[in-house]
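> This is the structure I want to talk about, given as structure tokens.
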Amino acid sequence: MPDTFVPDTLLDIRGLKTWFKTEDGMVRAVDGVDLHIDRGETVGVVGESGCGKTVTARSVLKLIDMPPGRFEAGQILWQGRDLIPLEQAEMNRIRAREIAIIFQEPMTSLNPVYTVGDQIAEVIALHQKLSPRQAMAGAAEMLRLVNIPNPQKRVHDYPHQFSGGMRQRVMIAMALSCQPKLLIADEPTTALDVTIQAQILELMQEMKEKFGMAIMLITHAMGVVAETCQRVTVMYAGKVVEEAPVEALFSDPRHPYTQGLIRSIPRIDRAVSRQARLESIQGTVPSLLNPPAGCRFAARCKYAMDICTQGIPPLKEVAPGHRVACVL
Amino acid sequence: MNRQYIIRRLLIAIPSLLGISVILFGILAMAPGDPFEELATNPAIPPEVRMALRAKFGLDDPVWQRYLHWFAAMMQGDWGFSFQSRIDVDKLILQRLPVTLIVVGASQILAISVAIPVGVLAAVRPYSIFDQIASTFAMIGFSLPTFFTGLVLILVFSIQLDWLPFVYRADINATGWAFYAEHIKQSIMPVVVLGLAQAGTLVRFMRSSVLDVIRLDYVTTARSKGIGERKVIVRHVVRNALIPVVTLIALQLPAVFGGAIVTEQIFRVPGIGSLLIAAILANDTPVVMGVTFVFACLVVLFNLIADILYGWLDPRISFR
């Protein structure tokens, strides 16, 4: 299979702008994002809190409340078809069946008043046109796939009877129950403790091998990216600043922001050296209400020059598949 | 449903009803007024007769003794004897209770069936024209007292338009359909007055409850499943939003019964509310005691029903 593998674009986001109208003005949460995901690949989307990762992810499934949100510009091409102008009913045929999503907070992502079986069976019954009984059997089967012990019995349990890690497994079971082509995982491990994080990532990897779906993994943990992704998109203040295959990103980061992100990972092999202090990026993310002219990272960048504040540097290719938005 | 839980809750209700009866009895014993006051001003009856009557009815005994006496009698189904109408209290109450229950019950059903859909629709499109109209009416509904809206309705529908009778009559000399039609016709105004006052609060509460739930993560999860907005609202939002509203309905019931007393006065509904007022005015202590105790039982009962509903709506509450 790998030798006959032809890259085949599943999702192609072009110049997406998702803005939010607030009392203080327009918040440009996502301001011209380009991102593409090929069939079967895992793409990491990284960046610090508030950089627009989550809004990008939710825009794909049109889960943004409108108003206050709105698509200002751009296209979200799903297998060549733009999702932005789609009607609700058509969008509902794509949700869960073709693109599924799991969220950061497993504790609050499940409805407390229905059993997990009901919630998984709801998707199965809807998209696969099965009877409630068959759908419930399917739900138990999904729970078994995500390694929940005693699935036949546990389908009848309520979310509060599961731990955080187990609920995230339930969310994964629900998301994968219709064999989507793309799974969007919006910080799936952030709310879990470290040992459980590893288990969930492992499970996602296992599921990917089984179902062959692509994954858009949103995270701010560079370690997670290094372990699981083939390609990485780095976002900063609503824009993509760098995009590269994962090896290239770690061995040769071009954007000063990416360099800072990578240097801020604790490294066990460097901890004993004299520079034991972990590096951090000074300053905070600029306001997305009135983003600064020019490169948005300029204010925090140690290489900043006059030219950086004059125009927004476009993404340009520096190596095959490696694109950077920096004048350097 | 969990039978053990219900039985346990019913058992817990016994001490609270006992406590209520002690307090009611104590307050009534302390209240001024004498059921034989009339006799005191009647020159034909010598004071000795009045004293003998008081002694016979045990009115001169210490309070605790009178309470025990009342309690023992009530346990045997003897609720006492109305000084005023010379009928057993339980018979008197049973005559009047169905009317009150029908009026209060119908008004609650009206309130709930209007308020829940309106509250949900208002919350789904907050600040829309529908929401603003609904909120305005809700505000009017809960700020106007029932004695005012009742009189306005009487003025408009009975006096100006002459569509509805403004005095509730228990003795309708019609049979079959005409009998029911007449009853429904005269119930409309009291039910609407009580129901709309209640609906106002409920609309506001339901709206804010839905607004709280609709932005929770699991609603986004539900949308991401592609199940359609209407189903998302009905299945995943409304049921969760109802949980606090059930509590509100239960907590408001005493106020509803209070409102029913006033409304019954206005429309002359022969329910236990108007019985209570008449009994208080006549110092008819056994009737006052009986009616207030029935109100207490109803409130305890409806709280129990609310608790059971609560557990049914929210599986996180376990019946222990």
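Residues in the structure tokens are named by chain (A, B, ... in the order shown) and by number from 1 within that chain; ligands are numbered from 1 in the order shown.
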Distance cut-off 8 Å, counting only C-alpha atoms - which residues of chain A neighbour chain B? Return them as number ranges by chain.

A: 61, 63, 88-89, 91-96, 100-102, 105, 108-114, 123, 126, 158, 160

> Include C-alpha atoms and write out the residues we just selected as a compact mmCIF listing (two decimals), in the first residue's frame.


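Okay, this is what ended up in selection-v7.txt:
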```
# COMPACT_ATOMS: atom_id res chain seq x y z
CA LEU A 61 -17.67 21.25 10.76
CA LEU A 63 -19.87 24.31 14.63
CA GLN A 88 -27.61 22.82 7.42
CA ALA A 89 -29.21 19.62 6.15
CA MET A 91 -23.82 19.70 6.40
CA ASN A 92 -25.52 17.18 8.67
CA ARG A 93 -24.86 14.46 6.10
CA ILE A 94 -21.14 15.20 6.31
CA ARG A 95 -20.95 15.53 10.08
CA ALA A 96 -20.01 12.30 11.87
CA ALA A 100 -16.01 13.59 13.12
CA ILE A 101 -14.66 15.58 16.01
CA ILE A 102 -13.62 14.96 19.60
CA GLU A 105 -13.07 18.21 27.83
CA THR A 108 -18.44 17.85 29.69
CA SER A 109 -18.62 16.59 26.11
CA LEU A 110 -21.13 13.86 26.84
CA ASN A 111 -24.74 14.53 27.73
CA PRO A 112 -25.18 13.60 31.41
CA VAL A 113 -28.79 12.45 31.07
CA TYR A 114 -28.37 9.74 28.44
CA VAL A 123 -25.17 8.53 15.55
CA LEU A 126 -29.03 8.13 12.08
CA TYR A 158 -24.24 7.09 32.24
CA HIS A 160 -20.78 10.16 35.25
```

> For the interface of stretch 57-133 of chain A with stretch 22-26 of chain A (cut-off 10 Å, counting only C-alpha atoms), please tabulate each contacting residue of stretch 57-133 of chain A alongside its nearest pair of atoms and their separation in Å to one decimal, rows sorted by chain and increasing number, as a tab-separated table.


```
residue	atom	partner	partner_atom	distance
A:Pro67	CA	A:Thr22	CA	9.7
A:Pro68	CA	A:Thr22	CA	7.0
A:Gly69	CA	A:Thr22	CA	9.1
```

> Just want the 12 Å neighbourhood of B:Pro15, counted on only C-alpha atoms, with same-chain residues fewer than 6 positions away dropped. Output as a PyMOL selection string.

chain B and resi 9+21-22+297+300

> Suppose we keep C-alpha atoms; can you now write the selection as a CSV table (one decimal), in the first residue's frame?


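Dumped everything to result32.csv:
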```
chain,number,residue,atom,x,y,z
B,9,ARG,CA,-39.8,9.5,51.1
B,21,SER,CA,-49.7,20.2,62.5
B,22,VAL,CA,-48.0,21.1,65.8
B,297,CYS,CA,-50.2,17.7,52.7
B,300,VAL,CA,-45.5,17.8,50.7
```

> Identify, with DSSP run on backbone atoms, the residues in stretch 21-57 of chain A assigned to strand (DSSP E or B), and express the list as a list of chain:residue names.

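Selection result, strand (DSSP E or B) within stretch 21-57 of chain A: A:Lys21, A:Thr22, A:Gly25, A:Met26, A:Val27, A:Arg28, A:Ala29, A:Val30, A:Asp31, A:Gly32, A:Val33, A:Asp34, A:Leu35, A:His36, A:Ile37, A:Asp38, A:Thr42, A:Val43, A:Gly44, A:Val45, A:Val46.
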
> Identify, on the basis of only C-alpha atoms, every residue whose closest approach to B:Val63 does not exceed 8 Å; exclude the query and any residue fewer than 3 positions from it along the same chain; express the result as a ChimeraX atom specification.

/B:26,29,66-67

> Give me the residues near B:Phe157 as a list in words, where near means some atom within 9 Å (using only C-alpha atoms) and where sequence neighbours in that chain fewer than 6 positions away do not count.

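Once the nearby chain positions are removed, what remains is Trp163, Leu164, Pro165, Phe166 and Met189 of chain B.
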
> Got a sec: who's within 10 Å of stretch 243-260 of chain A, counting only C-alpha atoms, leaving out chain neighbours fewer than 6 positions off, as a PyMOL selection string?

chain A and resi 34-35+43-47+222+225-236+279-282+297-298+300-304+315-328

> Take the residues from that selection and write them out as a compact mmCIF listing (two decimals), in the first residue's frame, keeping C-alpha atoms.


```txt
# COMPACT_ATOMS: atom_id res chain seq x y z
CA ASP A 34 -4.39 27.72 4.56
CA LEU A 35 -4.25 24.11 5.58
CA VAL A 43 -1.58 16.61 10.57
CA GLY A 44 -0.71 18.45 13.75
CA VAL A 45 -1.97 21.97 14.28
CA VAL A 46 0.03 23.64 17.01
CA GLY A 47 0.14 27.04 18.62
CA MET A 222 5.11 19.65 20.68
CA VAL A 225 3.16 16.25 17.58
CA ALA A 226 6.59 14.64 17.29
CA GLU A 227 5.17 11.28 18.28
CA THR A 228 2.06 11.12 16.15
CA CYS A 229 2.05 13.48 13.18
CA GLN A 230 3.40 13.32 9.66
CA ARG A 231 2.97 16.99 8.95
CA VAL A 232 2.65 20.03 11.16
CA THR A 233 1.04 23.41 10.76
CA VAL A 234 2.12 26.06 13.23
CA MET A 235 -0.40 28.81 13.91
CA TYR A 236 0.13 32.14 15.53
CA GLU A 279 13.48 28.86 27.40
CA SER A 280 10.23 30.64 27.00
CA ILE A 281 8.87 33.06 24.45
CA GLN A 282 8.59 36.50 25.97
CA PHE A 297 4.93 37.85 15.89
CA ALA A 298 7.21 40.84 15.35
CA ARG A 300 7.93 39.15 20.47
CA CYS A 301 10.54 38.20 17.90
CA LYS A 302 14.19 38.61 18.77
CA TYR A 303 15.12 38.98 15.10
CA ALA A 304 12.50 41.60 14.34
CA LEU A 315 3.91 31.80 3.13
CA LYS A 316 6.75 30.82 0.84
CA GLU A 317 8.23 27.45 0.12
CA VAL A 318 11.74 26.96 1.48
CA ALA A 319 12.00 23.24 0.86
CA PRO A 320 9.56 20.69 -0.61
CA GLY A 321 6.49 20.76 1.59
CA HIS A 322 8.09 23.25 3.97
CA ARG A 323 6.57 26.71 3.91
CA VAL A 324 7.29 29.66 6.17
CA ALA A 325 5.77 33.09 6.62
CA CYS A 326 8.87 35.04 7.60
CA VAL A 327 11.13 37.49 5.85
CA LEU A 328 14.20 35.71 7.12
```

> Using DSSP on the backbone, list every residue of stretch 103-318 of chain A that comes out as helix (DSSP H, G or I), and give them as a VMD selection string.

chain A and resid 116 to 128 132 to 145 151 to 154 159 to 161 164 to 176 194 to 211 222 to 228 246 to 251 256 to 263 298 to 300 306 to 309

> Using only C-alpha atoms, can you tell me which of A:Ile307, A:Leu10, A:Leu278, A:Val27 comes closest to A:Pro180?

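Checking each candidate against A:Pro180, we get A:Leu10 as the closest.
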
> Do you have, as a tab-separated table, the list of residues of stretch 86-204 of chain B lying at most 12 Å from stretch 278-289 of chain B, each with its nearest atom pair and that distance in Å to one decimal, counting only C-alpha atoms and ordered by chain then number?


```
residue	atom	partner	partner_atom	distance
B:Arg86	CA	B:Asp284	CA	10.5
B:Ile87	CA	B:Val287	CA	9.9
B:Asp88	CA	B:Val287	CA	8.9
B:Val89	CA	B:Val287	CA	5.7
B:Asp90	CA	B:Val287	CA	8.6
B:Lys91	CA	B:Val287	CA	10.5
B:Leu92	CA	B:Val287	CA	8.3
B:Ile93	CA	B:Val287	CA	8.2
B:Leu94	CA	B:Val287	CA	11.8
B:Arg96	CA	B:Val287	CA	12.0
```

> For the residues selected in the previous step, produce a file with N, CA and C atoms as an mmCIF file, in the first residue's frame.


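Contents of part.cif, as written:
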```cif
data_model
loop_
_atom_site.group_PDB
_atom_site.id
_atom_site.type_symbol
_atom_site.label_atom_id
_atom_site.label_comp_id
_atom_site.auth_asym_id
_atom_site.auth_seq_id
_atom_site.Cartn_x
_atom_site.Cartn_y
_atom_site.Cartn_z
ATOM 1 N N ARG B 86 -72.031 23.248 60.934
ATOM 2 C CA ARG B 86 -72.517 22.033 61.620
ATOM 3 C C ARG B 86 -72.354 20.785 60.759
ATOM 4 N N ILE B 87 -71.271 20.739 60.023
ATOM 5 C CA ILE B 87 -70.972 19.548 59.207
ATOM 6 C C ILE B 87 -69.581 19.082 59.612
ATOM 7 N N ASP B 88 -69.298 17.804 59.427
ATOM 8 C CA ASP B 88 -67.947 17.313 59.694
ATOM 9 C C ASP B 88 -66.959 18.022 58.776
ATOM 10 N N VAL B 89 -65.768 18.338 59.349
ATOM 11 C CA VAL B 89 -64.768 19.075 58.583
ATOM 12 C C VAL B 89 -64.328 18.283 57.351
ATOM 13 N N ASP B 90 -64.126 16.959 57.530
ATOM 14 C CA ASP B 90 -63.646 16.196 56.374
ATOM 15 C C ASP B 90 -64.653 16.192 55.236
ATOM 16 N N LYS B 91 -65.928 16.128 55.582
ATOM 17 C CA LYS B 91 -66.965 16.159 54.541
ATOM 18 C C LYS B 91 -66.944 17.502 53.814
ATOM 19 N N LEU B 92 -66.813 18.553 54.626
ATOM 20 C CA LEU B 92 -66.789 19.906 54.087
ATOM 21 C C LEU B 92 -65.622 20.064 53.106
ATOM 22 N N ILE B 93 -64.449 19.583 53.532
ATOM 23 C CA ILE B 93 -63.254 19.715 52.691
ATOM 24 C C ILE B 93 -63.405 18.872 51.426
ATOM 25 N N LEU B 94 -63.895 17.654 51.583
ATOM 26 C CA LEU B 94 -64.034 16.784 50.413
ATOM 27 C C LEU B 94 -65.019 17.348 49.398
ATOM 28 N N ARG B 96 -65.313 20.518 48.782
ATOM 29 C CA ARG B 96 -64.706 21.669 48.129
ATOM 30 C C ARG B 96 -63.414 21.341 47.390
#
```

> Find the spatial neighbours of A:Cys295, counting only C-alpha atoms, within a cut-off of 9 Å - ignore same-chain residues fewer than 5 positions away - and output them as a ChimeraX atom specification.

/A:308-313,325-326

> Nearest to A:Pro149 among A:Leu182, A:Leu83, A:Val285, A:Val170, with distances taken over only C-alpha atoms: which residue is it?

A:Val170

> One decimal, Å: what's the distance from atom CA of B:Gly58 over to atom CA of B:Ile14, could you say?

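Separation between atom CA of B:Gly58 and atom CA of B:Ile14: 26.5 Å.
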
> Rounded to one decimal, what separation in Å do you get between atom CA of B:Trp64 and atom CA of B:Leu11?

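Computed distance, atom CA of B:Trp64 to atom CA of B:Leu11, equals 24.2 Å.
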
> Give me, please, the distance in Å between atom CA of A:Ala214 and atom CA of A:Thr42, quoted to one decimal.

5.6 Å
